[in-house]
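Asker: Have a look at this one before I ask anything.
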Amino acid sequence: MNEQSRPLAIDIDQLSFAYQNQNVLEDINMKVPQGSFLGLVGPNGSGKSTLIKCLLGLLTPNQGTVKLFGVNVKKFDRWNDIGFVSQKANSFNSGFPATVFEVVSMGLYGKVGLFRFLNRKHKQKVREAIAQVGMEDFINENIGQLSGGQQQRVFIARALVSDPSLLILDEPTVGVDAKSVTNFYTMLKKLNDEKGITLILVTHDIGAMSEYVTDVACLNKCLHFHGNKHSFEENKEEMMTAMYGHEVNLLEHNHDHDHHHHHHDHDDVRRDET
Amino acid sequence: MELLQQLTFLERGVLAGLIIGFICPVVGAFLLVRRMTIISEGLSHITLSGIAAGVLMSQTTALLAFINPLYTGLIFSLVGSLLVEKLRQIYKHFQELAIPIILSSGIGLSALLISMSTSSYSEWYNYMFGSIVTVNLNDLLFIFMTGIIAMLLLAAFYKELLSISFDQEFAFTSGISVKKMNFLFSVLIALVISMSMKVVGILLVGAMVTLPVAASMQFAKSFRQVVFLGILFGEAAMIGGIFFSYFFNIATGGMIVVTGLLLLIIALLINKIKKIMNSYRLISSRKEIVK
Ligand SMILES: Nc1ncnc2c1ncn2[C@@H]1O[C@H](COP(=O)(O)OP(=O)(O)OP(=O)(O)O)[C@@H](O)[C@H]1O
Ligand SMILES: [Mg+2]
C-alpha cells in the first residue's frame with residue numbers, strides 16, 4: 001500500500017517539550033498513517049512516555065502541534081476512538097475498592113453519557129474485553145488483589161473495550177509472563193490485520209516486537225529513525241549504535257543497553273565516525 | 001411546601017437526617033478513594049466562619065437581618081473547597097498541606113467573628129454539635145435544595161468521578177474533563193458539608209462522611225458496594241442517633257456519631273471473626289489432607 005495515500009492517524013509537527021528547563025523532546029516530526037503498527041523504542045529516559053503524553057494531550061508541548069485523525073489534540077473530542085495503557089497504569093492505590101468489571105467498565109464511560117449507567121450491551125462488551133485478555137475467572141475480584149501481570153491485562157482490556165481505532169500502549173507487557181506476551185502480541189497483530197486498528201507500542205523488547213510490527217520509530221530526545229520494519233532491519237546495527245552508544249546484541253543482551261545509556265560522550269564519538 | 005409546614009419539629013429533623021444520611025456516605029466514598037476524607041475537617045471549620053459571618057451580618061445590619069447563616073456558610077464552604085483544590089495544585093507533591101491551611105484559617109476566622117457577635121453560647125453550641133430541635137422550616141428547605149442538587153450531580157457524574165478517582169490520565173483519554181470534574185467535586189463537598197451543619201454539627205460532619213464508608217469498606221469488594229453499604233450504615237446511624245438523642249434528650253450530633261462509631265466497631269468485629277473462622281477452616285482442611 002502506498003504510505004502517502006493513507007489518511008493519518010497521528011501527525012506530529014515540529015514538537016518540542018521540556019520539563020521545567022530540561023529539554024526532553026526536540027523537533028519531533030512524525031506521521032503515522034492509519035493501519036500502521038508502530039513499535040516505538042529508545043533507552044530509558046529517552047522521552048517515549050513523554051511523547052505519548054504529548055500525543056494524547058496529557059502534556060502540552062512547548063512548541064509544535066499534534067493532530068489525531070486530522071484534528072488538533074486540543075480540540076479533539078472523539079476519545080472513544082482512542083485506547084490507552086499508561087506505563088504507570090498499575091501504580092494506583094492498591095486498596096482501591098473496585099472489581100475487574102468496574103475497572104474495565106471505565107473504558108466505556110466516555111461512550112455511555114451523562115445520567116446513564118451501563119446497559120446490557122455495554123456489560124456484554126465489558127465481559128468480552130475481559131475474556132479477550134483471559135481474565136474472565138477474575139471478573140468480580142478486587143483489582144488490588146491481583147498480581148502485577150494480571151492487573152496489566154485488566155488495563156489492556158480497559159483500553160480495548162471501547163473498540164478504539166487507535167491503540168496506544170506504553171510498555172503494556174511489563175510483568176506479563178512470556179507466554180502471555182506472545183499471545184498478547186499475536187492479538188495485537190490480529191487487531192491490526194483484521195480490523196485495521198492503528199497501534200503504537202512502546203517497548204524495550206526490540207527482538208520480539210519486530211516480528212509483529214509494520215513500522216519502527218527510534219527515539220532519543222530526537223527521532224533518530226522512523227520507517228518500515230524492513231529498512232529498520234537493514235539499518236538496525238547503525239541505529240542501535242546511535243541510540244544506545246554501543247552495539248548491542250538485541251536478542252541475547254536485552255537488558256544490557258539499559259546500563260549504558262549515560263555514555264553520551266561515547267555516543268557522540270561513534271556518531272562522528274559514521 | 002404546605003406539606004413541609006405541617007411537619008412537627010421531630011419529623012423535620014428526621015427528614016433532614018435521612019437526606020444527610022444518604023448523601024454523606026456517597027460523597028464520603030469518593031473522598032475515601034481519593035484519600036481526601038480529611039478535607040471535611042478543613043471545610044467544616046471554614047463553614048463555621050461563614051455561619052459566624054452570617055450571624056454577625058444579620059445582627060449588625062438591619063437590612064441583612066433576613067440572612068439565614070446557612071447560606072453564608074455554604075458560600076464560605078464553596079470558596080474553601082475551591083481554595084483547597086487550588087492549594088493542592090500549587091503544592092502538587094505535598095497535597096495534604098492544603099487542609100491544615102484551610103482548617104486553621106477557618107478556626108481563626110471563626111474565633112474572630114464569634115467574639116464580635118452577640119449570640120449566646122448555646123446558639124454556637126448547637127452549630128458545633130448539631131441539634132435537630134433547631135431545624136426550622138427554612139433550614140429544612142435549605143437541606144432539601146442542597147440535597148437535590150447534590151443528588152443530581154452525583155447521578156450525573158458518578159461514572160466520571162469514579163474513573164477520575166481511579167486513574168486521572170486514563171479518565172482524560174476517555175474524554176472526561178478532569179478540570180471540570182474536580183471543580184464539580186469541590187462543589188459537591190461544599191454542599192454536603194454545609195447541608196449537614198444543622199443536624200450533625202460542624203465538629204462532627206467529618207464523622208458522617210467517614211464512619212459509614214469506613215464500615216462498608218470492611219465488606220465491600222466493589223466501589224458500588226462501598227456506596228450502597230455506606231448509605232445503609234449512614235441511614236442507620238442517622239435514625240439510631242436521632243431516636244436515642246430524642247428519647248434521652250442528648251445532643252443529636254453526638255448521638256449520631258456514637259451510633260455510627262458503634263456500627264463501625266461491629267463491622268470491624270464481624271470482619272475479624274470471619275477471618276478467624278476462615279483460617280480455622282483452612283487449618284482443619286489441611287489436617288484432613290494430612291490424615
Ligand atoms: N514528571 C516529570 N518531571 C520532570 N522530569 C520528568 C518527568 N517525567 C519524566 N521526566 C524526565 O524526562 C525524561 C524522559 O522521560 P520519559 O518518561 O519520557 O522516558 P521514557 O523514554 O519513557 O523512559 P522509560 O523507558 O524508562 O519508560 C527523563 O530524563 C526524565 O528524567
Ligand atoms: Mg516510559
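Letters A, B, ... mark the chains of the C-alpha cells in the order given; residue numbers begin at 1 per chain; ligand numbers begin at 1, in order shown.
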Let me see if you get this right: every residue at most 6 Å from ligand 1, counting only C-alpha atoms and all ligand atoms, written as a PyMOL selection string.

Answerer: chain A and resi 19+24+43-50

Asker: Please produce a file of those selected residues containing N, CA and C atoms, as a compact mmCIF listing (two decimals), in the first residue's frame.

Answerer:
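Once everything was written out, this is result.txt:
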```txt
# COMPACT_ATOMS: atom_id res chain seq x y z
N TYR A 19 10.52 19.57 30.48
CA TYR A 19 10.06 19.64 31.86
C TYR A 19 10.88 20.74 32.52
N VAL A 24 13.41 17.50 26.77
CA VAL A 24 13.23 16.06 26.70
C VAL A 24 12.96 15.62 25.27
N PRO A 43 16.16 4.16 24.66
CA PRO A 43 16.64 3.85 26.02
C PRO A 43 15.77 4.49 27.11
N ASN A 44 16.00 4.09 28.34
CA ASN A 44 15.29 4.70 29.47
C ASN A 44 15.56 6.19 29.48
N GLY A 45 14.52 6.95 29.72
CA GLY A 45 14.69 8.40 29.80
C GLY A 45 14.80 9.09 28.45
N SER A 46 14.52 8.36 27.37
CA SER A 46 14.69 8.95 26.05
C SER A 46 13.48 9.80 25.65
N GLY A 47 12.43 9.75 26.43
CA GLY A 47 11.28 10.62 26.16
C GLY A 47 10.10 9.91 25.51
N LYS A 48 10.09 8.58 25.53
CA LYS A 48 9.00 7.85 24.89
C LYS A 48 7.66 8.14 25.58
N SER A 49 7.64 7.99 26.89
CA SER A 49 6.38 8.23 27.61
C SER A 49 5.96 9.68 27.47
N THR A 50 6.94 10.58 27.48
CA THR A 50 6.64 12.00 27.33
C THR A 50 5.99 12.27 25.98
```

Asker: For chain A, list the residues within 7 Å of chain B, counting only C-alpha atoms, and write the list as a PyMOL selection string.

Answerer: chain A and resi 56+77+79-80+84+92+96-99+106-107+109-110+114-115+142

Asker: How would the residues just chosen look if you wrote them out with C-alpha atoms as a PDB file, in the first residue's frame?

Answerer:
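Saved to selection-v6.pdb:
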```
ATOM      1  CA  LEU A  56      -2.749  12.357  23.989  1.00  0.00           C
ATOM      2  CA  ASP A  77     -13.242  15.010  21.087  1.00  0.00           C
ATOM      3  CA  TRP A  79     -11.928   9.952  22.621  1.00  0.00           C
ATOM      4  CA  ASN A  80     -13.844   6.699  22.179  1.00  0.00           C
ATOM      5  CA  PHE A  84      -4.507   3.921  26.125  1.00  0.00           C
ATOM      6  CA  PHE A  92      -2.983   3.035  41.511  1.00  0.00           C
ATOM      7  CA  PHE A  96      -8.952   0.819  45.827  1.00  0.00           C
ATOM      8  CA  PRO A  97     -12.291  -0.937  46.184  1.00  0.00           C
ATOM      9  CA  ALA A  98     -13.033  -1.723  42.556  1.00  0.00           C
ATOM     10  CA  THR A  99     -13.612  -5.017  40.787  1.00  0.00           C
ATOM     11  CA  MET A 106     -14.276   2.733  32.883  1.00  0.00           C
ATOM     12  CA  GLY A 107     -13.150   2.281  29.298  1.00  0.00           C
ATOM     13  CA  TYR A 109     -17.638   5.747  30.436  1.00  0.00           C
ATOM     14  CA  GLY A 110     -16.970   8.245  27.683  1.00  0.00           C
ATOM     15  CA  LEU A 114     -24.491  11.608  31.433  1.00  0.00           C
ATOM     16  CA  PHE A 115     -27.053  10.230  33.879  1.00  0.00           C
ATOM     17  CA  ASN A 142     -10.783  -6.773  43.611  1.00  0.00           C
TER      18      ASN A 142
END
```

Asker: Around ligand 2, at most 12 Å away and counting only C-alpha atoms and all ligand atoms, which residues are there? Put them as a PyMOL selection string, please.

Answerer: chain A and resi 40-53+85-89+169-172+174+201-204+219-220

Asker: Measuring atom to atom with only C-alpha atoms, identify which of A:Lys67, A:Arg116, A:Lys74, A:His226 is nearest to Leu15 (chain A).

Answerer: A:Lys67

Asker: Excluding Pro7 (chain A) and residues on its chain fewer than 4 positions from it, collect all residues at most 9 Å away from it, counting only C-alpha atoms, and give them as a count of residues only.

Answerer: 6

Asker: In Å to one decimal, how far is CA of Ser77 (chain B) from CA of Ile250 (chain B)?

Answerer: 27.7 Å

Asker: Excluding Leu269 (chain B) and its own-chain neighbours fewer than 5 positions away, which residues fall within 12 Å of it when counting only C-alpha atoms? Please give them as a PDB file with C-alpha atoms, in the first residue's frame.

Answerer:
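Final output, saved to out-v8.pdb:
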```
ATOM      1  CA  ALA B 215     -17.603   0.392  58.000  1.00  0.00           C
ATOM      2  CA  GLN B 218     -14.894  -3.896  55.728  1.00  0.00           C
ATOM      3  CA  PHE B 219     -17.247  -5.833  53.469  1.00  0.00           C
ATOM      4  CA  LEU B 262     -20.763   1.512  67.198  1.00  0.00           C
ATOM      5  CA  LEU B 263     -21.697   0.309  63.722  1.00  0.00           C
ATOM      6  CA  LEU B 264     -18.074   0.644  62.642  1.00  0.00           C
ATOM      7  CA  LYS B 274     -14.823 -14.007  59.599  1.00  0.00           C
ATOM      8  CA  LYS B 275     -11.053 -14.052  59.213  1.00  0.00           C
ATOM      9  CA  ILE B 276     -10.545 -16.246  62.249  1.00  0.00           C
TER      10      ILE B 276
END
```

Asker: Report the distance between CA of Asn182 (chain B) and CA of Leu82 (chain B) in Å, rounded to one decimal place.

Answerer: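 Atom-to-atom, CA of Asn182 (chain B) and CA of Leu82 (chain B) are spaced 9.2 Å apart.
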
Asker: Using only C-alpha atoms, which residue out of B:Ser119, B:Ser216, B:Ser81, B:Thr259 lies closest to Met57 (chain B)?

Answerer: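 Using only C-alpha atoms, Met57 (chain B) sits closest to B:Ser119.
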
Asker: Could you list, as a ChimeraX atom specification, every residue within 12 Å of Val257 (chain B), counting only C-alpha atoms and ignoring same-chain residues fewer than 5 positions away?

Answerer: /B:21,129-130,199-201,203-212,233-242,244-245,251-252,262-264

Asker: Please produce a file of the residues just selected, as a PDB file, in the first residue's frame, where the atoms kept are C-alpha atoms.

Answerer:
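Wrote it out as selection39.pdb, contents follow:
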```pdb
ATOM      1  CA  GLY B  21     -27.522  10.122  55.888  1.00  0.00           C
ATOM      2  CA  PHE B 129     -22.604  19.775  67.875  1.00  0.00           C
ATOM      3  CA  GLY B 130     -25.831  19.770  65.921  1.00  0.00           C
ATOM      4  CA  VAL B 199     -28.225  18.317  62.160  1.00  0.00           C
ATOM      5  CA  VAL B 200     -24.801  16.818  62.767  1.00  0.00           C
ATOM      6  CA  GLY B 201     -22.882  19.930  63.745  1.00  0.00           C
ATOM      7  CA  LEU B 203     -17.326  19.461  64.600  1.00  0.00           C
ATOM      8  CA  LEU B 204     -18.988  16.190  63.697  1.00  0.00           C
ATOM      9  CA  VAL B 205     -19.658  16.454  59.959  1.00  0.00           C
ATOM     10  CA  GLY B 206     -16.444  14.577  59.252  1.00  0.00           C
ATOM     11  CA  ALA B 207     -17.853  11.576  61.084  1.00  0.00           C
ATOM     12  CA  MET B 208     -20.862  11.251  58.784  1.00  0.00           C
ATOM     13  CA  VAL B 209     -18.592  11.392  55.769  1.00  0.00           C
ATOM     14  CA  THR B 210     -16.106   8.828  57.069  1.00  0.00           C
ATOM     15  CA  LEU B 211     -17.664   6.399  59.579  1.00  0.00           C
ATOM     16  CA  PRO B 212     -20.250   4.787  57.241  1.00  0.00           C
ATOM     17  CA  PHE B 233     -24.704   2.426  57.579  1.00  0.00           C
ATOM     18  CA  GLY B 234     -25.235   6.166  57.184  1.00  0.00           C
ATOM     19  CA  GLU B 235     -29.007   5.939  57.448  1.00  0.00           C
ATOM     20  CA  ALA B 236     -28.775   3.509  60.332  1.00  0.00           C
ATOM     21  CA  ALA B 237     -26.500   5.886  62.225  1.00  0.00           C
ATOM     22  CA  MET B 238     -28.848   8.776  61.491  1.00  0.00           C
ATOM     23  CA  ILE B 239     -32.061   7.064  62.531  1.00  0.00           C
ATOM     24  CA  GLY B 240     -30.473   5.432  65.557  1.00  0.00           C
ATOM     25  CA  GLY B 241     -28.793   8.662  66.597  1.00  0.00           C
ATOM     26  CA  ILE B 242     -31.907  10.809  66.283  1.00  0.00           C
ATOM     27  CA  PHE B 244     -31.667   7.945  71.069  1.00  0.00           C
ATOM     28  CA  SER B 245     -30.969  11.646  71.301  1.00  0.00           C
ATOM     29  CA  ALA B 251     -27.077  16.289  71.695  1.00  0.00           C
ATOM     30  CA  THR B 252     -28.195  14.879  68.348  1.00  0.00           C
ATOM     31  CA  LEU B 262     -20.763   1.512  67.198  1.00  0.00           C
ATOM     32  CA  LEU B 263     -21.697   0.309  63.722  1.00  0.00           C
ATOM     33  CA  LEU B 264     -18.074   0.644  62.642  1.00  0.00           C
TER      34      LEU B 264
END
```

Asker: Which value, in Å to one decimal, gives the distance between CA of Asn228 (chain A) and CA of Glu194 (chain A)?

Answerer: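 Between CA of Asn228 (chain A) and CA of Glu194 (chain A) the gap works out to 19.3 Å.
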
Asker: Apply DSSP to the backbone of this structure and, from region 3-113 of chain A, keep only the residues in helix (DSSP H, G or I); write these as a PyMOL selection string.

Answerer: chain A and resi 3-5+48-55+79-81+89-91+100-112

Asker: Considering only strand (DSSP E) as DSSP defines it on the backbone, what residues of region 50-180 of chain A qualify? List them as a PDB file with N, CA, C and O atoms, in the first residue's frame.

Answerer:
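Saved to part19.pdb:
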```pdb
ATOM      1  N   GLN A  63       6.451  23.591  21.933  1.00  0.00           N
ATOM      2  CA  GLN A  63       6.391  24.014  20.532  1.00  0.00           C
ATOM      3  C   GLN A  63       5.782  22.908  19.702  1.00  0.00           C
ATOM      4  O   GLN A  63       5.848  21.746  20.063  1.00  0.00           O
ATOM      5  N   GLY A  64       5.209  23.280  18.574  1.00  0.00           N
ATOM      6  CA  GLY A  64       4.723  22.273  17.653  1.00  0.00           C
ATOM      7  C   GLY A  64       3.289  21.870  17.922  1.00  0.00           C
ATOM      8  O   GLY A  64       2.685  22.290  18.916  1.00  0.00           O
ATOM      9  N   THR A  65       2.758  21.055  17.019  1.00  0.00           N
ATOM     10  CA  THR A  65       1.370  20.638  17.161  1.00  0.00           C
ATOM     11  C   THR A  65       1.237  19.128  16.999  1.00  0.00           C
ATOM     12  O   THR A  65       2.077  18.473  16.400  1.00  0.00           O
ATOM     13  N   VAL A  66       0.165  18.630  17.557  1.00  0.00           N
ATOM     14  CA  VAL A  66      -0.166  17.213  17.425  1.00  0.00           C
ATOM     15  C   VAL A  66      -1.578  17.126  16.861  1.00  0.00           C
ATOM     16  O   VAL A  66      -2.480  17.828  17.328  1.00  0.00           O
ATOM     17  N   LYS A  67      -1.746  16.320  15.855  1.00  0.00           N
ATOM     18  CA  LYS A  67      -3.094  16.090  15.325  1.00  0.00           C
ATOM     19  C   LYS A  67      -3.441  14.617  15.427  1.00  0.00           C
ATOM     20  O   LYS A  67      -2.625  13.750  15.094  1.00  0.00           O
ATOM     21  N   LEU A  68      -4.631  14.346  15.909  1.00  0.00           N
ATOM     22  CA  LEU A  68      -5.140  12.980  15.933  1.00  0.00           C
ATOM     23  C   LEU A  68      -6.260  12.904  14.905  1.00  0.00           C
ATOM     24  O   LEU A  68      -7.203  13.691  14.960  1.00  0.00           O
ATOM     25  N   VAL A  71      -7.302  16.164  13.563  1.00  0.00           N
ATOM     26  CA  VAL A  71      -7.827  17.209  14.440  1.00  0.00           C
ATOM     27  C   VAL A  71      -6.783  17.549  15.494  1.00  0.00           C
ATOM     28  O   VAL A  71      -6.207  16.646  16.107  1.00  0.00           O
ATOM     29  N   ASN A  72      -6.533  18.827  15.699  1.00  0.00           N
ATOM     30  CA  ASN A  72      -5.604  19.233  16.743  1.00  0.00           C
ATOM     31  C   ASN A  72      -6.038  18.623  18.079  1.00  0.00           C
ATOM     32  O   ASN A  72      -7.214  18.685  18.448  1.00  0.00           O
ATOM     33  N   ILE A  82      -9.887   6.241  20.910  1.00  0.00           N
ATOM     34  CA  ILE A  82      -8.532   6.098  21.428  1.00  0.00           C
ATOM     35  C   ILE A  82      -8.531   5.145  22.613  1.00  0.00           C
ATOM     36  O   ILE A  82      -9.334   5.273  23.529  1.00  0.00           O
ATOM     37  N   GLY A  83      -7.621   4.191  22.578  1.00  0.00           N
ATOM     38  CA  GLY A  83      -7.403   3.334  23.736  1.00  0.00           C
ATOM     39  C   GLY A  83      -5.997   3.579  24.251  1.00  0.00           C
ATOM     40  O   GLY A  83      -5.075   3.810  23.472  1.00  0.00           O
ATOM     41  N   PHE A  84      -5.814   3.559  25.564  1.00  0.00           N
ATOM     42  CA  PHE A  84      -4.507   3.921  26.125  1.00  0.00           C
ATOM     43  C   PHE A  84      -4.185   3.047  27.325  1.00  0.00           C
ATOM     44  O   PHE A  84      -5.011   2.867  28.214  1.00  0.00           O
ATOM     45  N   VAL A  85      -2.987   2.490  27.308  1.00  0.00           N
ATOM     46  CA  VAL A  85      -2.484   1.840  28.519  1.00  0.00           C
ATOM     47  C   VAL A  85      -1.223   2.579  28.915  1.00  0.00           C
ATOM     48  O   VAL A  85      -0.237   2.600  28.180  1.00  0.00           O
ATOM     49  N   LEU A 166      -7.483   3.690  17.398  1.00  0.00           N
ATOM     50  CA  LEU A 166      -6.067   3.948  17.666  1.00  0.00           C
ATOM     51  C   LEU A 166      -5.763   3.475  19.084  1.00  0.00           C
ATOM     52  O   LEU A 166      -6.395   3.915  20.039  1.00  0.00           O
ATOM     53  N   LEU A 167      -4.815   2.563  19.176  1.00  0.00           N
ATOM     54  CA  LEU A 167      -4.496   1.992  20.482  1.00  0.00           C
ATOM     55  C   LEU A 167      -3.053   2.347  20.811  1.00  0.00           C
ATOM     56  O   LEU A 167      -2.141   2.057  20.039  1.00  0.00           O
ATOM     57  N   ILE A 168      -2.849   3.018  21.948  1.00  0.00           N
ATOM     58  CA  ILE A 168      -1.510   3.444  22.336  1.00  0.00           C
ATOM     59  C   ILE A 168      -1.119   2.715  23.613  1.00  0.00           C
ATOM     60  O   ILE A 168      -1.804   2.817  24.631  1.00  0.00           O
ATOM     61  N   LEU A 169      -0.028   1.975  23.539  1.00  0.00           N
ATOM     62  CA  LEU A 169       0.350   1.122  24.662  1.00  0.00           C
ATOM     63  C   LEU A 169       1.770   1.450  25.095  1.00  0.00           C
ATOM     64  O   LEU A 169       2.719   1.268  24.331  1.00  0.00           O
ATOM     65  N   ASP A 170       1.928   1.944  26.315  1.00  0.00           N
ATOM     66  CA  ASP A 170       3.249   2.303  26.830  1.00  0.00           C
ATOM     67  C   ASP A 170       3.753   1.169  27.719  1.00  0.00           C
ATOM     68  O   ASP A 170       3.347   1.042  28.869  1.00  0.00           O
TER      69      ASP A 170
END
```
